[in-house]
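See structure below.
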Amino acid sequence: NRFLCRKNLQDLFLRIKPTDRRCLTSVHREAAELWFLQILVFSFVFWVFFFLFFVFPDSGVISVLTAQFGRSDPQTCSEGRPAEQLRNTNCSLDGTQDLVKRRCDGKKVCEVNYDDVQTSDPCVGTFKYLQTNYTCLPAIHLVLCEDSQTLLHCAEGQVISVYGADYGRRDGTTCSHKRPDSQIQNVDCWAPTSKVAQSCNGKNSCSVRAANSEFGDPCYGTYKYLEASYVCHYPV
């Protein structure tokens with residue numbers, strides 16, 4: 001049966017006129033090109049998702065969109081609270097968004113405590129809360145221990161754009177190897193800095209050193225590190 005099928009197809013093809021053969025060949029070539037293009041697109045999408053979700057599953061960094069400390073509705077954080085503590089829904093502390101952005105932008109993880117944002121009381125007698133809205137952006141994230149140096153770099157033709165940078169200490173494990181407890185116990189030491197962005201933005205590569213001489217000393221006696229995030233893009 002297989003041989004007969006091939007023979008019948010061959011007889012059919014032989015009965016086609018030469019001009020029809022060229023047309024049929026062109027159709028086959030266009031179909032093959034379309035099939036190859038579909039395979040190429042599928043492969044590209046597959047590898048993008050593979051690298052994002054399996055190779056670099058936590059490669060995103062925080063970008064704060066909005067942040068508000070106060071009260072904007074009577075329902076949020078209202079359980080067990082008397083009505084007079086929920087009545088004022090026009091309560092907002094100025095500068096909250098800038099504070100949260102300085103602390104969290106460009107970080108993989110960020111912790112904000114109540115005492116960090118309540119620099120003053122915007123509405124005495126009202127039960128308040130911190131409400132934030134943020135997204136995660138793909139970025140190159142680096143941690144540089146104190147008194148060390150590294151090179152930020154991009155592919156040829158691309159330039160650096162720094163999301164955020166912070167010099168200090170936020171946990172007891174990062175850059176802690178062979179350090180005494182006294183140098184890593186202060187984890188409430190943070191100093192957002194724009195110096196990395198000022199030095200590196202718009203450049204193809206940039207040398208950065210984590211040192212008190214560069215960023216000041218936000219917590220004397222604590223062994224610190226520089227945390228920064230940046231992206232590479234083509235200049236506009």
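In the structure tokens, chains take letters A, B, ... by order of appearance, with residues numbered from 1 within each chain and ligands from 1 in the order shown.
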**Message:** For the helix (DSSP H, G or I) assignment from backbone DSSP, which residues of segment 33-209 of chain A qualify? Please present them as JSON, numbers by chain.
**Reply:** {"A": [33, 34, 35, 36, 37, 38, 39, 40, 41, 42, 43, 44, 45, 46, 47, 48, 49, 50, 51, 52, 53, 54, 55, 83, 84, 85, 96, 97, 98, 99, 100, 101, 102, 103, 104, 114, 115, 116, 117, 181, 182, 183, 184, 195, 196, 197, 198, 199, 200]}
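Distance annotation: of A:Ile160, A:Pro180, A:Ala211, A:Asp171, the residue with the minimal separation from Gln198 of chain A is A:Ile160; atom set is only C-alpha atoms.
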**Neighbour list for Cys219 of chain A as a count of residues only, cut-off 12 Å, only C-alpha atoms, skip fewer than 6 positions in-chain** = 16
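Remark: for Cys104 of chain A, the closest of the candidate residues A:Gln68, A:Thr174, A:Ser92, A:Thr135 is A:Thr135 (distances computed over only C-alpha atoms).
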